[in-house]
Each structure stands twice: as C-alpha cells, then as structure tokens.
file final-v6.csv (CSV, C-alpha atoms)
chain,number,residue,atom,x,y,z
R,248,MET,CA,-37.0,198.6,-6.9
R,249,SER,CA,-37.0,202.2,-8.2
R,250,GLU,CA,-34.0,204.4,-8.9
R,251,LYS,CA,-33.3,207.0,-6.2
R,252,LYS,CA,-33.1,210.5,-7.6
R,253,ILE,CA,-29.7,212.2,-7.3
R,254,LEU,CA,-30.2,215.3,-5.1
R,255,SER,CA,-26.8,216.8,-5.9
R,256,ASN,CA,-24.1,216.0,-8.4
R,257,LYS,CA,-21.7,218.8,-7.6
R,258,ASP,CA,-18.0,218.1,-8.1
R,259,ASN,CA,-18.9,214.5,-9.0
R,260,LEU,CA,-20.4,213.9,-5.6
R,261,GLN,CA,-23.7,212.1,-6.0
R,262,VAL,CA,-25.9,212.8,-3.0
R,263,ILE,CA,-28.8,210.3,-2.8
R,264,TYR,CA,-30.3,211.3,0.6
R,265,GLU,CA,-29.7,213.9,3.2
R,266,ASP,CA,-31.3,215.2,6.4
R,267,ASN,CA,-30.1,216.9,9.6
R,268,HIS,CA,-28.4,213.7,10.9
R,269,ILE,CA,-27.3,211.6,7.9
R,270,ILE,CA,-26.0,211.9,4.3
R,271,ILE,CA,-25.9,209.1,1.8
R,272,VAL,CA,-23.8,209.3,-1.4
R,273,ASN,CA,-23.3,207.1,-4.4
R,274,LYS,CA,-19.5,206.4,-4.5
R,275,ARG,CA,-17.6,206.3,-7.7
R,276,ALA,CA,-15.1,203.7,-8.6
R,277,GLY,CA,-11.6,204.8,-7.4
R,278,ASP,CA,-12.8,206.9,-4.5
R,279,ILE,CA,-11.5,205.9,-1.1
R,280,VAL,CA,-14.0,206.4,1.8
R,281,GLN,CA,-11.3,207.3,4.4
R,282,GLY,CA,-7.8,208.6,4.1
R,283,ASP,CA,-5.0,206.0,3.7
R,284,LYS,CA,-1.3,205.8,2.9
R,285,THR,CA,-1.9,206.8,-0.7
R,286,GLY,CA,-2.5,210.4,0.4
R,287,ASP,CA,-5.4,210.7,-2.1
R,288,LYS,CA,-8.3,212.9,-1.0
R,289,PRO,CA,-10.9,210.6,0.6
R,290,LEU,CA,-14.7,210.7,-0.1
R,291,SER,CA,-15.2,211.8,3.5
R,292,ASP,CA,-13.3,215.0,2.9
R,293,VAL,CA,-15.3,215.6,-0.4
R,294,VAL,CA,-18.5,215.3,1.6
R,295,LYS,CA,-17.2,217.7,4.3
R,296,ASP,CA,-16.4,220.3,1.6
R,297,TYR,CA,-19.9,219.8,0.1
R,298,LEU,CA,-21.5,220.4,3.5
R,299,LYS,CA,-19.2,223.3,4.3
R,300,ASP,CA,-20.1,225.0,1.1
R,301,LYS,CA,-23.8,224.2,1.1
R,302,TYR,CA,-24.4,225.5,4.6
R,303,ASN,CA,-21.8,228.2,4.7
R,304,LYS,CA,-20.1,226.7,7.7
R,305,PRO,CA,-17.2,228.8,8.9
R,306,GLY,CA,-15.4,226.2,11.0
R,307,ASN,CA,-14.7,222.5,10.8
R,308,VAL,CA,-17.5,220.2,9.6
R,309,TYR,CA,-18.4,217.1,11.6
R,310,LEU,CA,-18.7,213.9,9.6
R,311,GLY,CA,-18.7,210.3,11.0
R,312,VAL,CA,-17.8,207.4,8.8
R,313,VAL,CA,-20.3,204.5,9.4
R,314,HIS,CA,-19.0,201.9,6.9
R,315,ARG,CA,-16.7,201.6,3.9
R,316,LEU,CA,-16.6,200.2,0.4
R,317,ASP,CA,-13.5,198.8,-1.4
R,318,ARG,CA,-11.8,201.4,-3.6
R,319,PRO,CA,-12.8,199.8,-7.0
R,320,THR,CA,-16.4,199.2,-5.8
R,321,THR,CA,-19.3,201.7,-6.5
R,322,GLY,CA,-22.5,202.4,-4.7
R,323,ILE,CA,-24.1,203.5,-1.4
R,324,VAL,CA,-22.0,204.9,1.4
R,325,LEU,CA,-23.7,206.3,4.6
R,326,PHE,CA,-22.1,209.1,6.7
R,327,SER,CA,-23.3,210.6,10.0
R,328,LYS,CA,-23.6,214.4,10.2
R,329,THR,CA,-24.0,214.5,14.0
R,330,SER,CA,-22.3,213.0,17.0
R,331,LYS,CA,-25.7,212.0,18.2
R,332,ALA,CA,-26.4,209.8,15.2
R,333,LEU,CA,-23.0,208.1,14.8
R,334,PRO,CA,-22.9,205.7,17.8
R,335,ARG,CA,-26.5,204.7,17.0
R,336,LEU,CA,-25.6,203.9,13.4
R,337,ASN,CA,-22.5,202.1,14.5
R,338,LYS,CA,-24.6,199.9,16.8
R,339,LEU,CA,-27.1,199.3,14.1
R,340,PHE,CA,-24.4,198.0,11.7
R,341,ALA,CA,-22.7,196.0,14.4
R,342,GLU,CA,-25.9,194.3,15.3
R,343,LYS,CA,-26.5,193.6,11.6
R,344,LYS,CA,-29.8,195.5,11.5
R,345,ALA,CA,-29.0,197.4,8.3
R,346,LYS,CA,-29.9,195.4,5.2
R,347,LYS,CA,-27.3,195.8,2.4
R,348,THR,CA,-28.0,194.6,-1.1
R,349,TYR,CA,-25.2,194.4,-3.8
R,350,TRP,CA,-25.3,193.8,-7.5
R,351,ALA,CA,-22.4,192.0,-9.1
R,352,ILE,CA,-21.6,191.2,-12.7
R,353,VAL,CA,-19.8,187.9,-13.3
R,354,LYS,CA,-18.7,186.2,-16.5
R,355,GLN,CA,-19.1,182.6,-15.4
R,356,ALA,CA,-22.6,182.0,-14.1
R,357,PRO,CA,-22.8,180.0,-10.8
R,358,LYS,CA,-23.8,176.4,-11.1
R,359,ASN,CA,-26.9,177.2,-9.0
R,360,PRO,CA,-29.0,180.2,-9.9
R,361,HIS,CA,-29.5,181.0,-6.3
R,362,ASP,CA,-27.7,179.7,-3.2
R,363,THR,CA,-26.2,180.5,0.2
R,364,LEU,CA,-22.4,180.5,0.4
R,365,ILE,CA,-20.7,179.6,3.7
R,366,ASN,CA,-16.9,179.8,4.0
R,367,TRP,CA,-14.2,180.8,6.5
R,368,LEU,CA,-12.1,183.7,5.2
R,369,LYS,CA,-8.6,184.5,6.2
R,370,LYS,CA,-7.0,187.8,5.4
R,371,ASN,CA,-3.4,188.1,4.3
R,372,PRO,CA,-2.4,191.7,5.2
R,373,LYS,CA,0.8,191.5,3.1
R,374,ASN,CA,-1.1,191.4,-0.2
R,375,ASN,CA,-4.4,192.7,1.1
R,376,LYS,CA,-6.2,189.6,-0.1
R,377,SER,CA,-8.5,187.1,1.6
R,378,SER,CA,-8.7,183.3,1.0
R,379,ALA,CA,-11.8,181.1,1.4
R,380,TYR,CA,-11.8,177.8,3.2
R,381,ASP,CA,-14.5,175.2,3.6
R,382,LYS,CA,-13.8,174.8,7.3
R,383,ASP,CA,-12.6,176.9,10.2
R,384,ILE,CA,-8.8,177.4,10.3
R,385,GLU,CA,-6.6,179.4,12.6
R,386,GLY,CA,-7.2,183.1,12.1
R,387,SER,CA,-10.2,182.7,9.8
R,388,LYS,CA,-13.7,184.2,10.2
R,389,LYS,CA,-17.0,182.7,9.2
R,390,ALA,CA,-18.6,184.4,6.1
R,391,ILE,CA,-22.2,183.9,4.9
R,392,LEU,CA,-23.9,185.5,1.9
R,393,HIS,CA,-26.9,184.7,-0.2
R,394,TYR,CA,-27.1,185.3,-4.0
R,395,ASN,CA,-29.8,185.2,-6.6
R,396,THR,CA,-29.5,185.5,-10.4
R,397,LEU,CA,-31.3,188.5,-11.7
R,398,LYS,CA,-30.4,188.6,-15.3
R,399,THR,CA,-28.5,186.6,-17.9
R,400,LEU,CA,-26.8,188.8,-20.6
R,401,ASP,CA,-25.0,187.6,-23.7
R,402,ASN,CA,-21.6,187.2,-22.0
R,403,TYR,CA,-22.3,188.0,-18.4
R,404,THR,CA,-24.6,187.2,-15.5
R,405,LEU,CA,-26.1,189.8,-13.0
R,406,LEU,CA,-26.3,188.5,-9.4
R,407,GLU,CA,-28.0,190.1,-6.4
R,408,VAL,CA,-26.1,189.5,-3.2
R,409,GLU,CA,-27.1,190.0,0.4
R,410,LEU,CA,-24.6,189.7,3.2
R,411,GLU,CA,-25.1,188.1,6.5
R,412,THR,CA,-21.6,188.9,7.6
R,413,GLY,CA,-19.3,191.7,6.6
R,414,ARG,CA,-15.8,190.2,6.1
R,415,HIS,CA,-12.8,191.6,4.2
R,416,HIS,CA,-13.5,191.4,0.4
R,417,GLN,CA,-16.2,188.9,1.2
R,418,ILE,CA,-18.4,189.1,-1.9
R,419,ARG,CA,-15.3,189.1,-4.1
R,420,VAL,CA,-13.6,186.1,-2.6
R,421,GLN,CA,-16.7,184.0,-2.1
R,422,LEU,CA,-17.9,184.4,-5.7
R,423,SER,CA,-14.4,183.7,-7.0
R,424,ASN,CA,-14.3,180.6,-4.8
R,425,ILE,CA,-17.3,179.1,-6.8
R,426,GLY,CA,-15.7,180.0,-10.1
R,427,SER,CA,-17.6,183.3,-10.7
R,428,PRO,CA,-15.1,186.1,-10.2
R,429,ILE,CA,-16.5,189.6,-10.5
R,430,LYS,CA,-15.9,191.4,-13.8
R,431,GLY,CA,-12.7,193.4,-13.7
R,432,ASP,CA,-11.5,191.9,-10.4
R,433,LEU,CA,-8.0,190.8,-11.3
R,434,LYS,CA,-7.1,190.2,-7.6
R,435,TYR,CA,-9.7,187.4,-7.4
R,436,GLY,CA,-9.3,185.7,-10.8
R,437,PHE,CA,-11.0,187.7,-13.5
R,438,ASP,CA,-9.0,187.6,-16.7
R,439,ARG,CA,-8.9,191.4,-17.5
R,440,SER,CA,-9.4,194.7,-15.9
R,441,ASN,CA,-12.2,197.2,-16.5
R,442,LYS,CA,-11.1,200.3,-18.4
R,443,ASP,CA,-11.7,202.6,-15.4
R,444,ALA,CA,-10.0,200.1,-13.0
R,445,SER,CA,-13.3,199.5,-11.3
R,446,ILE,CA,-14.8,196.1,-10.5
R,447,SER,CA,-18.4,195.4,-11.4
R,448,LEU,CA,-19.6,195.3,-7.8
R,449,HIS,CA,-22.2,197.9,-6.8
R,450,ALA,CA,-23.7,198.6,-3.3
R,451,ARG,CA,-27.2,198.9,-4.7
R,452,ARG,CA,-29.6,199.2,-1.8
R,453,LEU,CA,-29.5,200.1,1.9
R,454,GLN,CA,-32.4,199.7,4.3
R,455,PHE,CA,-32.2,200.7,8.0
R,456,GLU,CA,-34.0,202.5,10.8
R,457,HIS,CA,-33.1,206.2,11.0
R,458,PRO,CA,-31.0,206.7,14.2
R,459,VAL,CA,-33.1,209.7,15.4
R,460,SER,CA,-36.6,209.7,13.8
R,461,ARG,CA,-36.8,205.8,13.7
R,462,GLU,CA,-38.4,205.9,10.3
R,463,LEU,CA,-37.4,203.3,7.7
R,464,ILE,CA,-34.8,204.7,5.3
R,465,ASP,CA,-34.7,202.7,2.0
R,466,VAL,CA,-32.4,204.0,-0.7
R,467,THR,CA,-31.2,202.6,-4.0
R,468,ALA,CA,-28.1,203.9,-5.8
R,469,PRO,CA,-28.2,204.4,-9.6
R,470,LEU,CA,-25.8,202.1,-11.5
R,471,PRO,CA,-22.6,203.3,-13.1
R,472,ASP,CA,-23.1,204.6,-16.6
R,473,ASP,CA,-21.5,202.0,-18.9
R,474,THR,CA,-22.6,199.5,-21.5
R,475,ILE,CA,-22.8,196.4,-19.4
R,476,TRP,CA,-24.4,198.0,-16.4
R,477,ASN,CA,-26.9,199.7,-18.7
R,478,ALA,CA,-27.8,196.3,-20.1
R,479,CYS,CA,-28.7,195.1,-16.6
R,480,VAL,CA,-31.7,197.4,-16.4
call {"tool": "encode", "arguments": {"input": "final-v6.csv", "output": "structure tokens"}}
result
Amino acid sequence: MSEKKILSNKDNLQVIYEDNHIIIVNKRAGDIVQGDKTGDKPLSDVVKDYLKDKYNKPGNVYLGVVHRLDRPTTGIVLFSKTSKALPRLNKLFAEKKAKKTYWAIVKQAPKNPHDTLINWLKKNPKNNKSSAYDKDIEGSKKAILHYNTLKTLDNYTLLEVELETGRHHQIRVQLSNIGSPIKGDLKYGFDRSNKDASISLHARRLQFEHPVSRELIDVTAPLPDDTIWNACV
C-alpha cells in the first residue's frame, strides 16, 4: 500500500484527493468533523474556507459531510462538493459498499494474531461511551470487525482493522473488550494519554466507487508524524 501524496497542506489542511465532486482530507487529532456544543471550528468549515479561497467563490460554498471520525482519531474523511454526489455517497456508505481500513496501535497484543470480533454494543449517551456484550441485550446493536497483526514493536503492536459494521466507538470498545485498548485511549482502558490528546487509531485507507464517474477511488492517508507511528512503517 503506497502513501498518497498530500495535494495541499495549507492552514494544516491535508488534502489527499480532490475532483469536481468530492474532496478527501487527512484529519488531524483534535479536529471535529462537524460543529458540536464545544463551539470549536469544525473541519467541514475549514474545508469550505479552503474551497472558497482556492476557487475564489464569492458566496457560500456547498459541502456535504458523508461520514465522521471521533475527535481524537486521525485519518481519511470524505466530503461531497456537490448536491448530486452527496446522496449517492450516502447510499454507498449505508449499503456498506465503501471499504474502510484502520490502523491501531495497542500495547497488549491480542491473544490471536488475527480474528473476527462479534459483539453487541450499547451506547450510554450520558458519558458518550459504549459497552460490549457477548449477546444481544435491550438497546444494543450487533458489531463485527476483522483485525490482523501487521507489526510487533518493542512495546506495542500494530493492528489493521476492517469494519463490517459502523457502530459508536466500535474499534475502540471491541479492542478494549479483548484486553487490547488503543494507545492513548483513556476512555477505554489505556493507562495514560498521548501527549497531543490523540488516540493511536488512524483511518488509513478508503476504497469506493466514485459517485459520478464510477471509477474506483482508492486512497491511503499518511500516518501522523510521531515516533511510534514512524516505527510502524
């Protein structure tokens, strides 16, 4: 899997791919994809500013949010630049026809180097946290992921994760449930935070059919620049 060249890095916005209908960026840790109660400027507004400036648009810029990543997570986020593309992309994701691959760094290696995890997750909105169960309980949703060990470092293990479902904090809670919480993820059992308040979970690769041209789009997001991530490649 080759690194995808960053097309633009203006104002800390890393653009991986752009055409008339879509734009794909490499999200930094701490960025929120859409506005929330914090009032912090969301990534969607940063992308709008970028497009407004690049194309000298006098009025409002259209941008559709297709999917989101947790605030402390890094990696690929796809936006729609046109109202024609957005419903097609939404349908693509709803029908699970977009293949998403994540990389996660954990301290405690899983018992099995590769496996499929099946749980039922229930979200607690009061603390914005999900819990994993081995059977269906009231209010829970079935969650399935597949992981594979890519590399064993001195103190950590790099896992590649592919999602079959897209549940709240799914990778975080399912890996924690087998005793392998993600590095820096205090919410799900890691013993200390990362210096930048990130967690070591990266949306690494996205493959999907372009909503207009129908060509295969296959992008890979460069990893965060820190010692542990650098050791992974």
call {"tool": "atom_distance", "arguments": {"input": "final-v6.csv", "atom1": "atom CA of Gly311 of chain R", "atom2": "atom CA of Phe326 of chain R"}}
result
5.6 Å
call {"tool": "residues_around", "arguments": {"input": "final-v6.csv", "residues": "segment 411-413 of chain R", "least_positions_apart": "5", "cutoff": "8 Å", "atoms": "only C-alpha atoms", "output": "NGL selection string"}}
result
:R and (343 or 389-393)
call {"tool": "residues_around", "arguments": {"input": "final-v6.csv", "residues": "Asp296 of chain R", "least_positions_apart": "4", "cutoff": "12 Å", "atoms": "all atoms listed in the file", "output": "number ranges by chain"}}
result
R: 257-258, 260, 288-292, 300-310
call {"tool": "closest_residue", "arguments": {"input": "final-v6.csv", "among": "R:Lys347, R:Arg451, R:Lys388, R:Lys354", "to": "Asp438 of chain R", "atoms": "all atoms listed in the file"}}
result
R:Lys354
call {"tool": "residues_near_point", "arguments": {"input": "final-v6.csv", "point": "(-25.1, 200.9, 15.3)", "cutoff": "12 Å", "atoms": "all atoms listed in the file", "output": "PDB file with C-alpha atoms, in the frame of the given file"}}
result
ATOM      1  CA  VAL R 312     -17.800 207.400   8.800  1.00  0.00           C
ATOM      2  CA  VAL R 313     -20.300 204.500   9.400  1.00  0.00           C
ATOM      3  CA  HIS R 314     -19.000 201.900   6.900  1.00  0.00           C
ATOM      4  CA  SER R 327     -23.300 210.600  10.000  1.00  0.00           C
ATOM      5  CA  LYS R 331     -25.700 212.000  18.200  1.00  0.00           C
ATOM      6  CA  ALA R 332     -26.400 209.800  15.200  1.00  0.00           C
ATOM      7  CA  LEU R 333     -23.000 208.100  14.800  1.00  0.00           C
ATOM      8  CA  PRO R 334     -22.900 205.700  17.800  1.00  0.00           C
ATOM      9  CA  ARG R 335     -26.500 204.700  17.000  1.00  0.00           C
ATOM     10  CA  LEU R 336     -25.600 203.900  13.400  1.00  0.00           C
ATOM     11  CA  ASN R 337     -22.500 202.100  14.500  1.00  0.00           C
ATOM     12  CA  LYS R 338     -24.600 199.900  16.800  1.00  0.00           C
ATOM     13  CA  LEU R 339     -27.100 199.300  14.100  1.00  0.00           C
ATOM     14  CA  PHE R 340     -24.400 198.000  11.700  1.00  0.00           C
ATOM     15  CA  ALA R 341     -22.700 196.000  14.400  1.00  0.00           C
ATOM     16  CA  GLU R 342     -25.900 194.300  15.300  1.00  0.00           C
ATOM     17  CA  LYS R 343     -26.500 193.600  11.600  1.00  0.00           C
ATOM     18  CA  LYS R 344     -29.800 195.500  11.500  1.00  0.00           C
ATOM     19  CA  ALA R 345     -29.000 197.400   8.300  1.00  0.00           C
ATOM     20  CA  PHE R 455     -32.200 200.700   8.000  1.00  0.00           C
ATOM     21  CA  GLU R 456     -34.000 202.500  10.800  1.00  0.00           C
ATOM     22  CA  HIS R 457     -33.100 206.200  11.000  1.00  0.00           C
ATOM     23  CA  PRO R 458     -31.000 206.700  14.200  1.00  0.00           C
ATOM     24  CA  VAL R 459     -33.100 209.700  15.400  1.00  0.00           C
TER      25      VAL R 459
END
call {"tool": "closest_residue", "arguments": {"input": "final-v6.csv", "among": "R:His268, R:Lys274, R:His361, R:Lys370", "to": "Arg315 of chain R", "atoms": "all atoms listed in the file"}}
result
R:Lys274
call {"tool": "closest_residue", "arguments": {"input": "final-v6.csv", "among": "R:Leu410, R:Thr467, R:Lys295, R:Thr285", "to": "Gln454 of chain R", "atoms": "all atoms listed in the file"}}
result
R:Thr467
call {"tool": "atom_distance", "arguments": {"input": "final-v6.csv", "atom1": "atom CA of Val480 of chain R", "atom2": "atom CA of Lys398 of chain R"}}
result
9.0 Å
call {"tool": "atom_distance", "arguments": {"input": "final-v6.csv", "atom1": "atom CA of Asn371 of chain R", "atom2": "atom CA of Ala351 of chain R"}}
result
23.6 Å
call {"tool": "residues_around", "arguments": {"input": "final-v6.csv", "residues": "Asp362 of chain R", "least_positions_apart": "3", "cutoff": "10 Å", "atoms": "all atoms listed in the file", "output": "MDAnalysis selection string"}}
result
chainID R and resid 357:359 365 392:396 408
call {"tool": "residues_around", "arguments": {"input": "final-v6.csv", "residues": "Thr404 of chain R", "least_positions_apart": "3", "cutoff": "8 Å", "atoms": "only C-alpha atoms", "output": "list in words"}}
result
Ile352, Val353, Lys354, Gln355, Ala356, Thr396, Leu397, Lys398, Thr399 and Leu400 of chain R
call {"tool": "closest_residue", "arguments": {"input": "final-v6.csv", "among": "R:Val262, R:Ile384, R:Leu448, R:Ile271", "to": "Leu422 of chain R", "atoms": "all atoms listed in the file"}}
result
R:Leu448
call {"tool": "closest_residue", "arguments": {"input": "final-v6.csv", "among": "R:His449, R:Arg461, R:His415, R:Lys369", "to": "Ile429 of chain R", "atoms": "all atoms listed in the file"}}
result
R:His449
call {"tool": "closest_residue", "arguments": {"input": "final-v6.csv", "among": "R:Tyr264, R:Arg318, R:Leu433, R:Ile464", "to": "Asp283 of chain R", "atoms": "all atoms listed in the file"}}
result
R:Arg318
call {"tool": "residues_around", "arguments": {"input": "final-v6.csv", "residues": "segment 373-383 of chain R", "least_positions_apart": "3", "cutoff": "7 Å", "atoms": "only C-alpha atoms", "output": "list in words"}}
result
Asn366, Trp367, Leu368, Lys369, Lys370, Ser387, His415, His416, Val420, Gln421 and Asn424 of chain R
call {"tool": "write_last_selection", "arguments": {"input": "final-v6.csv", "atoms": "C-alpha atoms", "output": "PDB file, in the coordinates of the input"}}
result
ATOM      1  CA  ASN R 366     -16.900 179.800   4.000  1.00  0.00           C
ATOM      2  CA  TRP R 367     -14.200 180.800   6.500  1.00  0.00           C
ATOM      3  CA  LEU R 368     -12.100 183.700   5.200  1.00  0.00           C
ATOM      4  CA  LYS R 369      -8.600 184.500   6.200  1.00  0.00           C
ATOM      5  CA  LYS R 370      -7.000 187.800   5.400  1.00  0.00           C
ATOM      6  CA  SER R 387     -10.200 182.700   9.800  1.00  0.00           C
ATOM      7  CA  HIS R 415     -12.800 191.600   4.200  1.00  0.00           C
ATOM      8  CA  HIS R 416     -13.500 191.400   0.400  1.00  0.00           C
ATOM      9  CA  VAL R 420     -13.600 186.100  -2.600  1.00  0.00           C
ATOM     10  CA  GLN R 421     -16.700 184.000  -2.100  1.00  0.00           C
ATOM     11  CA  ASN R 424     -14.300 180.600  -4.800  1.00  0.00           C
TER      12      ASN R 424
END
call {"tool": "build_atoms", "arguments": {"input": "final-v6.csv", "residues": "segment 337-365 of chain R", "atoms": "N, CA and C atoms", "output": "PDB file, keeping the file's coordinate frame"}}
result
ATOM      1  N   ASN R 337     -23.527 203.090  14.289  1.00  0.00           N
ATOM      2  CA  ASN R 337     -22.500 202.100  14.500  1.00  0.00           C
ATOM      3  C   ASN R 337     -23.099 200.830  15.160  1.00  0.00           C
ATOM      4  N   LYS R 338     -23.961 201.055  16.134  1.00  0.00           N
ATOM      5  CA  LYS R 338     -24.600 199.900  16.800  1.00  0.00           C
ATOM      6  C   LYS R 338     -25.536 199.176  15.878  1.00  0.00           C
ATOM      7  N   LEU R 339     -26.236 199.917  15.033  1.00  0.00           N
ATOM      8  CA  LEU R 339     -27.100 199.300  14.100  1.00  0.00           C
ATOM      9  C   LEU R 339     -26.393 198.381  13.116  1.00  0.00           C
ATOM     10  N   PHE R 340     -25.242 198.841  12.634  1.00  0.00           N
ATOM     11  CA  PHE R 340     -24.400 198.000  11.700  1.00  0.00           C
ATOM     12  C   PHE R 340     -23.789 196.860  12.453  1.00  0.00           C
ATOM     13  N   ALA R 341     -23.315 197.103  13.670  1.00  0.00           N
ATOM     14  CA  ALA R 341     -22.700 196.000  14.400  1.00  0.00           C
ATOM     15  C   ALA R 341     -23.650 194.906  14.756  1.00  0.00           C
ATOM     16  N   GLU R 342     -24.908 195.276  14.965  1.00  0.00           N
ATOM     17  CA  GLU R 342     -25.900 194.300  15.300  1.00  0.00           C
ATOM     18  C   GLU R 342     -26.598 193.719  14.017  1.00  0.00           C
ATOM     19  N   LYS R 343     -26.044 194.115  12.850  1.00  0.00           N
ATOM     20  CA  LYS R 343     -26.500 193.600  11.600  1.00  0.00           C
ATOM     21  C   LYS R 343     -28.005 193.917  11.312  1.00  0.00           C
ATOM     22  N   LYS R 344     -28.421 195.092  11.737  1.00  0.00           N
ATOM     23  CA  LYS R 344     -29.800 195.500  11.500  1.00  0.00           C
ATOM     24  C   LYS R 344     -29.985 196.387  10.316  1.00  0.00           C
ATOM     25  N   ALA R 345     -28.883 196.643   9.613  1.00  0.00           N
ATOM     26  CA  ALA R 345     -29.000 197.400   8.300  1.00  0.00           C
ATOM     27  C   ALA R 345     -28.883 196.339   7.225  1.00  0.00           C
ATOM     28  N   LYS R 346     -29.829 196.372   6.316  1.00  0.00           N
ATOM     29  CA  LYS R 346     -29.900 195.400   5.200  1.00  0.00           C
ATOM     30  C   LYS R 346     -29.170 195.981   3.997  1.00  0.00           C
ATOM     31  N   LYS R 347     -28.087 195.331   3.578  1.00  0.00           N
ATOM     32  CA  LYS R 347     -27.300 195.800   2.400  1.00  0.00           C
ATOM     33  C   LYS R 347     -27.456 194.824   1.273  1.00  0.00           C
ATOM     34  N   THR R 348     -27.789 195.369   0.116  1.00  0.00           N
ATOM     35  CA  THR R 348     -28.000 194.600  -1.100  1.00  0.00           C
ATOM     36  C   THR R 348     -26.971 195.036  -2.150  1.00  0.00           C
ATOM     37  N   TYR R 349     -26.245 194.081  -2.726  1.00  0.00           N
ATOM     38  CA  TYR R 349     -25.200 194.400  -3.800  1.00  0.00           C
ATOM     39  C   TYR R 349     -25.640 193.765  -5.083  1.00  0.00           C
ATOM     40  N   TRP R 350     -25.197 194.385  -6.168  1.00  0.00           N
ATOM     41  CA  TRP R 350     -25.300 193.800  -7.500  1.00  0.00           C
ATOM     42  C   TRP R 350     -23.892 193.505  -7.983  1.00  0.00           C
ATOM     43  N   ALA R 351     -23.707 192.346  -8.576  1.00  0.00           N
ATOM     44  CA  ALA R 351     -22.400 192.000  -9.100  1.00  0.00           C
ATOM     45  C   ALA R 351     -22.559 191.359 -10.489  1.00  0.00           C
ATOM     46  N   ILE R 352     -21.660 191.743 -11.388  1.00  0.00           N
ATOM     47  CA  ILE R 352     -21.600 191.200 -12.700  1.00  0.00           C
ATOM     48  C   ILE R 352     -20.498 190.163 -12.800  1.00  0.00           C
ATOM     49  N   VAL R 353     -20.827 188.927 -13.176  1.00  0.00           N
ATOM     50  CA  VAL R 353     -19.800 187.900 -13.300  1.00  0.00           C
ATOM     51  C   VAL R 353     -19.873 187.298 -14.711  1.00  0.00           C
ATOM     52  N   LYS R 354     -18.747 186.752 -15.163  1.00  0.00           N
ATOM     53  CA  LYS R 354     -18.700 186.200 -16.500  1.00  0.00           C
ATOM     54  C   LYS R 354     -19.195 184.737 -16.496  1.00  0.00           C
ATOM     55  N   GLN R 355     -18.718 183.980 -15.531  1.00  0.00           N
ATOM     56  CA  GLN R 355     -19.100 182.600 -15.400  1.00  0.00           C
ATOM     57  C   GLN R 355     -20.277 182.448 -14.456  1.00  0.00           C
ATOM     58  N   ALA R 356     -21.441 182.110 -14.974  1.00  0.00           N
ATOM     59  CA  ALA R 356     -22.600 182.000 -14.100  1.00  0.00           C
ATOM     60  C   ALA R 356     -22.417 180.883 -13.087  1.00  0.00           C
ATOM     61  N   PRO R 357     -22.864 181.102 -11.850  1.00  0.00           N
ATOM     62  CA  PRO R 357     -22.800 180.000 -10.800  1.00  0.00           C
ATOM     63  C   PRO R 357     -23.543 178.800 -11.264  1.00  0.00           C
ATOM     64  N   LYS R 358     -23.118 177.660 -10.755  1.00  0.00           N
ATOM     65  CA  LYS R 358     -23.800 176.400 -11.100  1.00  0.00           C
ATOM     66  C   LYS R 358     -25.244 176.446 -10.646  1.00  0.00           C
ATOM     67  N   ASN R 359     -25.499 177.029  -9.479  1.00  0.00           N
ATOM     68  CA  ASN R 359     -26.900 177.200  -9.000  1.00  0.00           C
ATOM     69  C   ASN R 359     -27.319 178.626  -9.188  1.00  0.00           C
ATOM     70  N   PRO R 360     -28.525 178.847  -9.719  1.00  0.00           N
ATOM     71  CA  PRO R 360     -29.000 180.200  -9.900  1.00  0.00           C
ATOM     72  C   PRO R 360     -29.173 181.032  -8.660  1.00  0.00           C
ATOM     73  N   HIS R 361     -29.410 180.336  -7.560  1.00  0.00           N
ATOM     74  CA  HIS R 361     -29.500 181.000  -6.300  1.00  0.00           C
ATOM     75  C   HIS R 361     -28.956 180.056  -5.198  1.00  0.00           C
ATOM     76  N   ASP R 362     -28.271 180.613  -4.186  1.00  0.00           N
ATOM     77  CA  ASP R 362     -27.700 179.700  -3.200  1.00  0.00           C
ATOM     78  C   ASP R 362     -27.197 180.565  -1.998  1.00  0.00           C
ATOM     79  N   THR R 363     -26.833 179.876  -0.937  1.00  0.00           N
ATOM     80  CA  THR R 363     -26.200 180.500   0.200  1.00  0.00           C
ATOM     81  C   THR R 363     -24.762 179.947   0.284  1.00  0.00           C
ATOM     82  N   LEU R 364     -23.802 180.847   0.377  1.00  0.00           N
ATOM     83  CA  LEU R 364     -22.400 180.500   0.400  1.00  0.00           C
ATOM     84  C   LEU R 364     -21.888 180.636   1.871  1.00  0.00           C
ATOM     85  N   ILE R 365     -21.283 179.581   2.394  1.00  0.00           N
ATOM     86  CA  ILE R 365     -20.700 179.600   3.700  1.00  0.00           C
ATOM     87  C   ILE R 365     -19.229 179.210   3.635  1.00  0.00           C
TER      88      ILE R 365
END
